[in-house]
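Here is the structure we will look at.
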Amino acid sequence: MNQRIAMIGGGNMAGALVAGLVANRVDPSLIDVLDRNQDKCDRLSEKYGVNTYLSVGDWLGKAQIVVLAVKPQGMFETIESIRSYLNENVLFISIAAGLRIADLTRWLHSDHLVRAMPNTPALVKAGVVGVYMPASLSSADQAAAKEVLQVMGEIIPVSSEMQLDLLSTVSGSGPAYVFRFIEALEAAVVKRGFDPVQARRMAILTVLGAGKLAIASDESPAKLRANVTSKGGTTAEALRVMDEHHFMDMMDEAIQAAYDRNQVLADQLGQR
């Protein structure tokens, strides 16, 4: 990739994207990062050799791709501060949760826009990146957006913003669900006398190993679960308790609650 990329925001996701791009041999001199925090700028500049700026300026007009990576609540004000400096042909990639394309288009005065939803495992190049691209985007712009985003993990294209919002309740919020499950495994065995350090390691590796097995196998998660479950055995008894507590219903309700909250926040954020 030889296009000039500007990151608006230098937080964790922007840092993961910078790290991935540089690791994929993108010239650091082609990457500009704007952030008001001096420490963030210094860290990115020293670690990756990218250009960093504390304030907007004419340098931004050189960007061919602009990644919007600030918090959703501050996006409108950020766009207002940078819009006059931008090249009119720039391709925008928003990685801000909950901000709809219609609102971003209105604020940017441009429909040259892709919405993406990476998750925190992108920090270790193991992310899931949901991507919605309007049909009006050229094939060249679609290819450029994919080339940028794939450095954070596996891209999952979706056909609507509704699907992207739903995806974010699983892949975006999902790491928190997994961490809660790890917490529960760890706490349960520590309560029964297991060494805390070993308990945490065991819980993490159990989840990691199960995930790797699921990826490597052609069998469904239900079949993999059945493979571990002997009739009348210990696993069956544990799953019986989960069923009694309506584990599947609980997760269904949790996903719905996350999605509903996403929609409320999107409505609120778009009222500008």
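Here, A, B, ... name the chains of the structure tokens in the order displayed, residue numbers run from 1 inside each chain, and ligands are numbered from 1 in the same displayed order.
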
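Neighbours of Leu91 of chain A closer than or equal to 9 Å, with only C-alpha atoms counted and sequence neighbours fewer than 4 positions away skipped, come out as Ala63, Gln64, Ile65, Val66, Val67, Asp111, His112, Leu113, Val114, Asp141, Ala144 and Ala145 of chain A.
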
Within 12 Å of Asp267 of chain A, counting only C-alpha atoms, which residues qualify if same-chain residues fewer than 2 places away don't, as a compact mmCIF listing (two decimals) with all heavy atoms, in the first residue's frame?
# COMPACT_ATOMS: atom_id res chain seq x y z
N PRO A 72 -16.99 7.99 20.06
CA PRO A 72 -18.21 8.44 19.37
C PRO A 72 -18.75 9.76 19.90
O PRO A 72 -19.21 10.61 19.12
CB PRO A 72 -19.21 7.30 19.63
CG PRO A 72 -18.36 6.10 19.87
CD PRO A 72 -17.11 6.60 20.55
N GLN A 73 -18.67 9.97 21.21
CA GLN A 73 -19.23 11.19 21.81
C GLN A 73 -18.50 12.45 21.34
O GLN A 73 -19.08 13.54 21.38
CB GLN A 73 -19.16 11.10 23.33
CG GLN A 73 -20.02 10.00 23.94
CD GLN A 73 -19.34 8.64 23.95
OE1 GLN A 73 -18.27 8.46 23.35
NE2 GLN A 73 -19.94 7.67 24.63
N GLY A 98 -21.30 2.58 16.91
CA GLY A 98 -22.63 3.17 17.01
C GLY A 98 -22.94 4.35 16.12
O GLY A 98 -24.09 4.76 16.03
N LEU A 99 -21.94 4.90 15.46
CA LEU A 99 -22.21 6.07 14.60
C LEU A 99 -22.61 5.60 13.21
O LEU A 99 -21.85 4.92 12.53
CB LEU A 99 -20.97 6.96 14.52
CG LEU A 99 -20.68 7.80 15.77
CD1 LEU A 99 -19.35 8.51 15.64
CD2 LEU A 99 -21.80 8.81 16.01
N ARG A 100 -23.81 5.98 12.79
CA ARG A 100 -24.35 5.51 11.52
C ARG A 100 -23.79 6.31 10.35
O ARG A 100 -23.42 7.47 10.47
CB ARG A 100 -25.87 5.62 11.55
CG ARG A 100 -26.51 4.70 12.59
CD ARG A 100 -28.00 4.94 12.71
NE ARG A 100 -28.60 4.04 13.68
CZ ARG A 100 -29.57 4.38 14.52
NH1 ARG A 100 -30.03 5.62 14.50
NH2 ARG A 100 -30.08 3.50 15.36
N ALA A 102 -25.32 7.54 7.80
CA ALA A 102 -26.11 8.72 7.45
C ALA A 102 -25.68 9.94 8.25
O ALA A 102 -25.58 11.05 7.71
CB ALA A 102 -27.60 8.44 7.67
N ASP A 103 -25.40 9.74 9.53
CA ASP A 103 -24.97 10.86 10.38
C ASP A 103 -23.54 11.28 10.04
O ASP A 103 -23.25 12.48 9.93
CB ASP A 103 -25.07 10.45 11.85
CG ASP A 103 -26.50 10.16 12.27
OD1 ASP A 103 -27.40 10.91 11.85
OD2 ASP A 103 -26.71 9.18 13.00
N ASP A 260 -30.11 -3.45 21.78
CA ASP A 260 -31.06 -2.37 22.06
C ASP A 260 -30.33 -1.13 22.56
O ASP A 260 -30.66 0.00 22.16
CB ASP A 260 -32.08 -2.82 23.10
CG ASP A 260 -33.05 -3.88 22.56
OD1 ASP A 260 -33.13 -4.05 21.33
OD2 ASP A 260 -33.71 -4.54 23.39
N ARG A 261 -29.34 -1.34 23.42
CA ARG A 261 -28.57 -0.20 23.93
C ARG A 261 -27.78 0.47 22.81
O ARG A 261 -27.66 1.70 22.76
CB ARG A 261 -27.63 -0.67 25.03
CG ARG A 261 -26.83 0.45 25.70
CD ARG A 261 -27.72 1.48 26.32
NE ARG A 261 -26.97 2.52 27.00
CZ ARG A 261 -27.47 3.69 27.35
NH1 ARG A 261 -28.74 3.99 27.10
NH2 ARG A 261 -26.71 4.59 27.97
N ASN A 262 -27.26 -0.33 21.89
CA ASN A 262 -26.54 0.20 20.74
C ASN A 262 -27.43 1.15 19.95
O ASN A 262 -27.00 2.24 19.53
CB ASN A 262 -26.07 -0.97 19.86
CG ASN A 262 -25.32 -0.53 18.63
OD1 ASN A 262 -25.90 0.03 17.69
ND2 ASN A 262 -24.03 -0.80 18.58
N GLN A 263 -28.68 0.76 19.73
CA GLN A 263 -29.60 1.58 18.95
C GLN A 263 -29.95 2.88 19.66
O GLN A 263 -30.03 3.94 19.03
CB GLN A 263 -30.88 0.78 18.64
CG GLN A 263 -30.64 -0.48 17.82
CD GLN A 263 -29.87 -0.22 16.55
OE1 GLN A 263 -30.33 0.45 15.64
NE2 GLN A 263 -28.65 -0.75 16.48
N VAL A 264 -30.13 2.80 20.98
CA VAL A 264 -30.42 4.02 21.75
C VAL A 264 -29.25 5.00 21.65
O VAL A 264 -29.44 6.20 21.41
CB VAL A 264 -30.70 3.65 23.22
CG1 VAL A 264 -30.74 4.91 24.09
CG2 VAL A 264 -32.01 2.91 23.34
N LEU A 265 -28.04 4.49 21.83
CA LEU A 265 -26.86 5.35 21.77
C LEU A 265 -26.67 5.94 20.39
O LEU A 265 -26.32 7.12 20.24
CB LEU A 265 -25.61 4.55 22.19
CG LEU A 265 -25.55 4.13 23.66
CD1 LEU A 265 -24.34 3.25 23.91
CD2 LEU A 265 -25.52 5.36 24.58
N LEU A 269 -26.42 9.84 19.57
CA LEU A 269 -25.21 10.39 18.95
C LEU A 269 -25.51 11.12 17.64
O LEU A 269 -24.82 12.06 17.27
CB LEU A 269 -24.20 9.27 18.70
CG LEU A 269 -23.55 8.66 19.94
CD1 LEU A 269 -22.84 7.36 19.59
CD2 LEU A 269 -22.59 9.64 20.59
N GLY A 270 -26.55 10.66 16.94
CA GLY A 270 -26.86 11.25 15.64
C GLY A 270 -27.66 12.54 15.70
O GLY A 270 -27.94 13.13 14.65
N GLN A 271 -28.01 12.98 16.88
CA GLN A 271 -28.85 14.19 17.01
C GLN A 271 -28.01 15.45 16.98
O GLN A 271 -27.96 16.22 17.92
CB GLN A 271 -29.67 14.11 18.31
CG GLN A 271 -30.73 13.02 18.29
CD GLN A 271 -31.44 12.88 19.62
OE1 GLN A 271 -31.18 13.62 20.57
NE2 GLN A 271 -32.36 11.92 19.71
N ARG A 272 -27.31 15.66 15.88
CA ARG A 272 -26.49 16.87 15.70
C ARG A 272 -26.78 17.47 14.34
O ARG A 272 -27.09 16.79 13.40
CB ARG A 272 -25.00 16.54 15.80
CG ARG A 272 -24.61 15.88 17.10
CD ARG A 272 -24.91 16.73 18.32
NE ARG A 272 -23.97 17.78 18.51
CZ ARG A 272 -22.82 17.68 19.19
NH1 ARG A 272 -22.46 16.52 19.71
NH2 ARG A 272 -22.03 18.69 19.37

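Closest approach to Pro157 of chain A from the set A:Leu34, A:Leu205, A:Val129, A:Ala238 is made by A:Val129, with distances taken over only C-alpha atoms.
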
Report the residues of segment 144-262 of chain A whose backbone DSSP state falls under helix (DSSP H, G or I), written as a ChimeraX atom specification.
-> /A:144-152,161-172,174-191,196-216,221-228,234-244,247-262

All strand (DSSP E or B) positions in segment 10-189 of chain A, as a ChimeraX atom specification:
/A:31-34,51-53,65-68,91-94,113-118,127-132,153-158

10 Å contact set for Ala116 of chain A, only C-alpha atoms, chain neighbours under 5 positions out, as a PDB file with all heavy atoms, in the first residue's frame:
ATOM      1  N   VAL A  67      -8.804   7.524   8.815  1.00  0.00           N
ATOM      2  CA  VAL A  67      -9.438   6.607   9.758  1.00  0.00           C
ATOM      3  C   VAL A  67      -9.946   7.418  10.941  1.00  0.00           C
ATOM      4  O   VAL A  67      -9.165   8.067  11.643  1.00  0.00           O
ATOM      5  CB  VAL A  67      -8.452   5.521  10.233  1.00  0.00           C
ATOM      6  CG1 VAL A  67      -9.138   4.582  11.230  1.00  0.00           C
ATOM      7  CG2 VAL A  67      -7.910   4.733   9.050  1.00  0.00           C
ATOM      8  N   ILE A  93     -12.744   5.863   6.819  1.00  0.00           N
ATOM      9  CA  ILE A  93     -13.039   4.593   7.480  1.00  0.00           C
ATOM     10  C   ILE A  93     -13.344   4.919   8.938  1.00  0.00           C
ATOM     11  O   ILE A  93     -12.469   5.375   9.677  1.00  0.00           O
ATOM     12  CB  ILE A  93     -11.854   3.609   7.412  1.00  0.00           C
ATOM     13  CG1 ILE A  93     -11.496   3.297   5.961  1.00  0.00           C
ATOM     14  CG2 ILE A  93     -12.195   2.322   8.169  1.00  0.00           C
ATOM     15  CD1 ILE A  93     -10.243   2.433   5.813  1.00  0.00           C
ATOM     16  N   SER A  94     -14.588   4.714   9.350  1.00  0.00           N
ATOM     17  CA  SER A  94     -14.959   4.961  10.738  1.00  0.00           C
ATOM     18  C   SER A  94     -14.877   3.671  11.531  1.00  0.00           C
ATOM     19  O   SER A  94     -15.466   2.661  11.150  1.00  0.00           O
ATOM     20  CB  SER A  94     -16.390   5.515  10.817  1.00  0.00           C
ATOM     21  OG  SER A  94     -16.810   5.552  12.176  1.00  0.00           O
ATOM     22  N   ILE A  95     -14.151   3.712  12.657  1.00  0.00           N
ATOM     23  CA  ILE A  95     -14.114   2.558  13.559  1.00  0.00           C
ATOM     24  C   ILE A  95     -14.718   2.955  14.910  1.00  0.00           C
ATOM     25  O   ILE A  95     -14.416   2.342  15.937  1.00  0.00           O
ATOM     26  CB  ILE A  95     -12.691   1.983  13.724  1.00  0.00           C
ATOM     27  CG1 ILE A  95     -11.730   3.013  14.302  1.00  0.00           C
ATOM     28  CG2 ILE A  95     -12.170   1.457  12.405  1.00  0.00           C
ATOM     29  CD1 ILE A  95     -10.351   2.424  14.631  1.00  0.00           C
ATOM     30  N   ALA A  96     -15.593   3.953  14.876  1.00  0.00           N
ATOM     31  CA  ALA A  96     -16.283   4.409  16.090  1.00  0.00           C
ATOM     32  C   ALA A  96     -17.596   3.659  16.234  1.00  0.00           C
ATOM     33  O   ALA A  96     -18.414   3.632  15.314  1.00  0.00           O
ATOM     34  CB  ALA A  96     -16.537   5.912  16.019  1.00  0.00           C
ATOM     35  N   ALA A  97     -17.807   3.059  17.375  1.00  0.00           N
ATOM     36  CA  ALA A  97     -19.001   2.248  17.596  1.00  0.00           C
ATOM     37  C   ALA A  97     -20.260   3.100  17.579  1.00  0.00           C
ATOM     38  O   ALA A  97     -20.301   4.195  18.146  1.00  0.00           O
ATOM     39  CB  ALA A  97     -18.892   1.521  18.933  1.00  0.00           C
ATOM     40  N   VAL A 129     -13.122  -8.048  12.595  1.00  0.00           N
ATOM     41  CA  VAL A 129     -13.395  -6.711  12.076  1.00  0.00           C
ATOM     42  C   VAL A 129     -14.646  -6.774  11.193  1.00  0.00           C
ATOM     43  O   VAL A 129     -14.587  -7.191  10.038  1.00  0.00           O
ATOM     44  CB  VAL A 129     -12.207  -6.150  11.268  1.00  0.00           C
ATOM     45  CG1 VAL A 129     -12.449  -4.682  10.922  1.00  0.00           C
ATOM     46  CG2 VAL A 129     -10.903  -6.309  12.035  1.00  0.00           C
ATOM     47  N   GLY A 130     -15.767  -6.380  11.761  1.00  0.00           N
ATOM     48  CA  GLY A 130     -16.982  -6.279  10.960  1.00  0.00           C
ATOM     49  C   GLY A 130     -16.891  -5.065  10.061  1.00  0.00           C
ATOM     50  O   GLY A 130     -16.443  -3.995  10.490  1.00  0.00           O
ATOM     51  N   VAL A 131     -17.306  -5.208   8.797  1.00  0.00           N
ATOM     52  CA  VAL A 131     -17.178  -4.115   7.839  1.00  0.00           C
ATOM     53  C   VAL A 131     -18.455  -3.979   7.010  1.00  0.00           C
ATOM     54  O   VAL A 131     -18.944  -4.965   6.452  1.00  0.00           O
ATOM     55  CB  VAL A 131     -15.985  -4.331   6.882  1.00  0.00           C
ATOM     56  CG1 VAL A 131     -15.892  -3.184   5.875  1.00  0.00           C
ATOM     57  CG2 VAL A 131     -14.684  -4.447   7.648  1.00  0.00           C
ATOM     58  N   TYR A 132     -18.973  -2.750   6.961  1.00  0.00           N
ATOM     59  CA  TYR A 132     -20.098  -2.441   6.065  1.00  0.00           C
ATOM     60  C   TYR A 132     -19.636  -1.409   5.052  1.00  0.00           C
ATOM     61  O   TYR A 132     -19.154  -0.330   5.418  1.00  0.00           O
ATOM     62  CB  TYR A 132     -21.296  -1.901   6.840  1.00  0.00           C
ATOM     63  CG  TYR A 132     -22.383  -1.402   5.917  1.00  0.00           C
ATOM     64  CD1 TYR A 132     -23.080  -2.286   5.096  1.00  0.00           C
ATOM     65  CD2 TYR A 132     -22.680  -0.041   5.832  1.00  0.00           C
ATOM     66  CE1 TYR A 132     -24.052  -1.831   4.217  1.00  0.00           C
ATOM     67  CE2 TYR A 132     -23.656   0.418   4.968  1.00  0.00           C
ATOM     68  CZ  TYR A 132     -24.334  -0.478   4.165  1.00  0.00           C
ATOM     69  OH  TYR A 132     -25.293  -0.025   3.284  1.00  0.00           O
ATOM     70  N   MET A 133     -19.777  -1.754   3.780  1.00  0.00           N
ATOM     71  CA  MET A 133     -19.396  -0.860   2.687  1.00  0.00           C
ATOM     72  C   MET A 133     -20.624  -0.586   1.817  1.00  0.00           C
ATOM     73  O   MET A 133     -21.193  -1.528   1.254  1.00  0.00           O
ATOM     74  CB  MET A 133     -18.296  -1.486   1.829  1.00  0.00           C
ATOM     75  CG  MET A 133     -17.027  -1.794   2.586  1.00  0.00           C
ATOM     76  SD  MET A 133     -15.701  -2.287   1.452  1.00  0.00           S
ATOM     77  CE  MET A 133     -14.449  -2.799   2.614  1.00  0.00           C
ATOM     78  N   ALA A 145      -9.906  -0.187   1.577  1.00  0.00           N
ATOM     79  CA  ALA A 145     -10.412  -0.305   2.949  1.00  0.00           C
ATOM     80  C   ALA A 145     -10.090  -1.678   3.525  1.00  0.00           C
ATOM     81  O   ALA A 145      -9.654  -1.798   4.673  1.00  0.00           O
ATOM     82  CB  ALA A 145     -11.917  -0.056   2.974  1.00  0.00           C
ATOM     83  N   LYS A 146     -10.279  -2.717   2.731  1.00  0.00           N
ATOM     84  CA  LYS A 146      -9.973  -4.081   3.192  1.00  0.00           C
ATOM     85  C   LYS A 146      -8.487  -4.231   3.486  1.00  0.00           C
ATOM     86  O   LYS A 146      -8.099  -4.872   4.474  1.00  0.00           O
ATOM     87  CB  LYS A 146     -10.413  -5.098   2.148  1.00  0.00           C
ATOM     88  CG  LYS A 146     -11.922  -5.265   2.028  1.00  0.00           C
ATOM     89  CD  LYS A 146     -12.276  -6.245   0.925  1.00  0.00           C
ATOM     90  CE  LYS A 146     -13.785  -6.374   0.755  1.00  0.00           C
ATOM     91  NZ  LYS A 146     -14.127  -7.265  -0.379  1.00  0.00           N
ATOM     92  N   LEU A 149      -7.863  -2.583   6.899  1.00  0.00           N
ATOM     93  CA  LEU A 149      -8.494  -3.194   8.064  1.00  0.00           C
ATOM     94  C   LEU A 149      -8.034  -4.621   8.350  1.00  0.00           C
ATOM     95  O   LEU A 149      -8.053  -5.061   9.506  1.00  0.00           O
ATOM     96  CB  LEU A 149     -10.014  -3.160   7.891  1.00  0.00           C
ATOM     97  CG  LEU A 149     -10.635  -1.756   7.891  1.00  0.00           C
ATOM     98  CD1 LEU A 149     -12.080  -1.814   7.412  1.00  0.00           C
ATOM     99  CD2 LEU A 149     -10.557  -1.135   9.281  1.00  0.00           C
ATOM    100  N   ILE A 155     -11.594 -10.070   8.572  1.00  0.00           N
ATOM    101  CA  ILE A 155     -12.715  -9.209   8.180  1.00  0.00           C
ATOM    102  C   ILE A 155     -13.970 -10.052   7.976  1.00  0.00           C
ATOM    103  O   ILE A 155     -13.932 -11.088   7.323  1.00  0.00           O
ATOM    104  CB  ILE A 155     -12.377  -8.441   6.883  1.00  0.00           C
ATOM    105  CG1 ILE A 155     -11.324  -7.358   7.176  1.00  0.00           C
ATOM    106  CG2 ILE A 155     -13.620  -7.815   6.270  1.00  0.00           C
ATOM    107  CD1 ILE A 155     -10.878  -6.592   5.954  1.00  0.00           C
ATOM    108  N   ILE A 156     -15.072  -9.575   8.547  1.00  0.00           N
ATOM    109  CA  ILE A 156     -16.380 -10.185   8.306  1.00  0.00           C
ATOM    110  C   ILE A 156     -17.257  -9.128   7.646  1.00  0.00           C
ATOM    111  O   ILE A 156     -17.703  -8.182   8.306  1.00  0.00           O
ATOM    112  CB  ILE A 156     -17.025 -10.694   9.605  1.00  0.00           C
ATOM    113  CG1 ILE A 156     -16.168 -11.800  10.219  1.00  0.00           C
ATOM    114  CG2 ILE A 156     -18.444 -11.193   9.344  1.00  0.00           C
ATOM    115  CD1 ILE A 156     -16.741 -12.431  11.453  1.00  0.00           C
ATOM    116  N   PRO A 157     -17.485  -9.254   6.336  1.00  0.00           N
ATOM    117  CA  PRO A 157     -18.332  -8.271   5.648  1.00  0.00           C
ATOM    118  C   PRO A 157     -19.801  -8.488   5.996  1.00  0.00           C
ATOM    119  O   PRO A 157     -20.252  -9.620   6.147  1.00  0.00           O
ATOM    120  CB  PRO A 157     -18.057  -8.547   4.169  1.00  0.00           C
ATOM    121  CG  PRO A 157     -17.633  -9.975   4.120  1.00  0.00           C
ATOM    122  CD  PRO A 157     -16.958 -10.285   5.419  1.00  0.00           C
ATOM    123  N   VAL A 158     -20.538  -7.399   6.125  1.00  0.00           N
ATOM    124  CA  VAL A 158     -21.974  -7.489   6.382  1.00  0.00           C
ATOM    125  C   VAL A 158     -22.708  -6.649   5.329  1.00  0.00           C
ATOM    126  O   VAL A 158     -22.127  -5.762   4.706  1.00  0.00           O
ATOM    127  CB  VAL A 158     -22.339  -7.007   7.797  1.00  0.00           C
ATOM    128  CG1 VAL A 158     -21.695  -7.898   8.846  1.00  0.00           C
ATOM    129  CG2 VAL A 158     -21.932  -5.558   8.004  1.00  0.00           C
ATOM    130  N   GLU A 161     -26.090  -1.942   7.981  1.00  0.00           N
ATOM    131  CA  GLU A 161     -25.629  -1.407   9.255  1.00  0.00           C
ATOM    132  C   GLU A 161     -26.295  -2.124  10.431  1.00  0.00           C
ATOM    133  O   GLU A 161     -25.707  -2.246  11.508  1.00  0.00           O
ATOM    134  CB  GLU A 161     -25.893   0.092   9.323  1.00  0.00           C
ATOM    135  CG  GLU A 161     -24.992   0.896   8.401  1.00  0.00           C
ATOM    136  CD  GLU A 161     -25.076   2.375   8.656  1.00  0.00           C
ATOM    137  OE1 GLU A 161     -25.947   3.026   8.040  1.00  0.00           O
ATOM    138  OE2 GLU A 161     -24.288   2.893   9.481  1.00  0.00           O
ATOM    139  N   LEU A 164     -24.173  -4.939  11.130  1.00  0.00           N
ATOM    140  CA  LEU A 164     -22.930  -4.503  11.771  1.00  0.00           C
ATOM    141  C   LEU A 164     -23.155  -4.244  13.254  1.00  0.00           C
ATOM    142  O   LEU A 164     -22.327  -4.623  14.094  1.00  0.00           O
ATOM    143  CB  LEU A 164     -22.400  -3.235  11.090  1.00  0.00           C
ATOM    144  CG  LEU A 164     -21.025  -2.760  11.562  1.00  0.00           C
ATOM    145  CD1 LEU A 164     -19.945  -3.777  11.222  1.00  0.00           C
ATOM    146  CD2 LEU A 164     -20.669  -1.405  10.967  1.00  0.00           C
ATOM    147  N   SER A 168     -21.523  -6.320  16.377  1.00  0.00           N
ATOM    148  CA  SER A 168     -20.755  -5.680  17.451  1.00  0.00           C
ATOM    149  C   SER A 168     -21.190  -6.163  18.829  1.00  0.00           C
ATOM    150  O   SER A 168     -20.416  -6.120  19.784  1.00  0.00           O
ATOM    151  CB  SER A 168     -20.879  -4.156  17.362  1.00  0.00           C
ATOM    152  OG  SER A 168     -22.146  -3.708  17.807  1.00  0.00           O
TER     153      SER A 168
END

query = Near segment 46-62 of chain A, counting only C-alpha atoms, which residues have an atom at most 8 Å away, once you skip same-chain residues fewer than 3 positions from it, shown as an NGL selection string?
reply = :A and (4 or 6 or 18-19 or 22 or 28-38 or 41-43 or 81-82 or 85-87)

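Nearest to Met202 of chain A of all the residues A:Ala135, A:Val148, A:Leu185, A:Met250 is A:Leu185, counting only C-alpha atoms.
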
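When the distance limit is 8 Å and only C-alpha atoms are what count, the residues near Ala69 of chain A, minus those fewer than 4 positions from it on the same chain, are Met7, Ile8, Gly9, Gly10, Gly11, Met13, Ala14, Ser94, Ile95 and Ala96 of chain A.
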
Just write the chosen residues, N, CA and C atoms, as a PDB file, in the first residue's frame.
ATOM      1  N   MET A   7      -4.647   8.885  10.783  1.00  0.00           N
ATOM      2  CA  MET A   7      -5.438   8.378  11.904  1.00  0.00           C
ATOM      3  C   MET A   7      -5.892   9.563  12.745  1.00  0.00           C
ATOM      4  N   ILE A   8      -7.186   9.714  12.879  1.00  0.00           N
ATOM      5  CA  ILE A   8      -7.711  10.773  13.739  1.00  0.00           C
ATOM      6  C   ILE A   8      -8.026  10.134  15.083  1.00  0.00           C
ATOM      7  N   GLY A   9      -7.103  10.281  16.013  1.00  0.00           N
ATOM      8  CA  GLY A   9      -7.163   9.599  17.299  1.00  0.00           C
ATOM      9  C   GLY A   9      -6.013   8.619  17.409  1.00  0.00           C
ATOM     10  N   GLY A  10      -5.399   8.581  18.591  1.00  0.00           N
ATOM     11  CA  GLY A  10      -4.235   7.717  18.782  1.00  0.00           C
ATOM     12  C   GLY A  10      -4.417   6.717  19.909  1.00  0.00           C
ATOM     13  N   GLY A  11      -5.658   6.294  20.144  1.00  0.00           N
ATOM     14  CA  GLY A  11      -5.945   5.351  21.212  1.00  0.00           C
ATOM     15  C   GLY A  11      -5.603   3.914  20.866  1.00  0.00           C
ATOM     16  N   MET A  13      -7.260   1.284  19.527  1.00  0.00           N
ATOM     17  CA  MET A  13      -7.580   0.728  18.212  1.00  0.00           C
ATOM     18  C   MET A  13      -6.718   1.349  17.121  1.00  0.00           C
ATOM     19  N   ALA A  14      -6.500   2.648  17.215  1.00  0.00           N
ATOM     20  CA  ALA A  14      -5.607   3.298  16.252  1.00  0.00           C
ATOM     21  C   ALA A  14      -4.200   2.738  16.378  1.00  0.00           C
ATOM     22  N   SER A  94     -14.588   4.714   9.350  1.00  0.00           N
ATOM     23  CA  SER A  94     -14.959   4.961  10.738  1.00  0.00           C
ATOM     24  C   SER A  94     -14.877   3.671  11.531  1.00  0.00           C
ATOM     25  N   ILE A  95     -14.151   3.712  12.657  1.00  0.00           N
ATOM     26  CA  ILE A  95     -14.114   2.558  13.559  1.00  0.00           C
ATOM     27  C   ILE A  95     -14.718   2.955  14.910  1.00  0.00           C
ATOM     28  N   ALA A  96     -15.593   3.953  14.876  1.00  0.00           N
ATOM     29  CA  ALA A  96     -16.283   4.409  16.090  1.00  0.00           C
ATOM     30  C   ALA A  96     -17.596   3.659  16.234  1.00  0.00           C
TER      31      ALA A  96
END
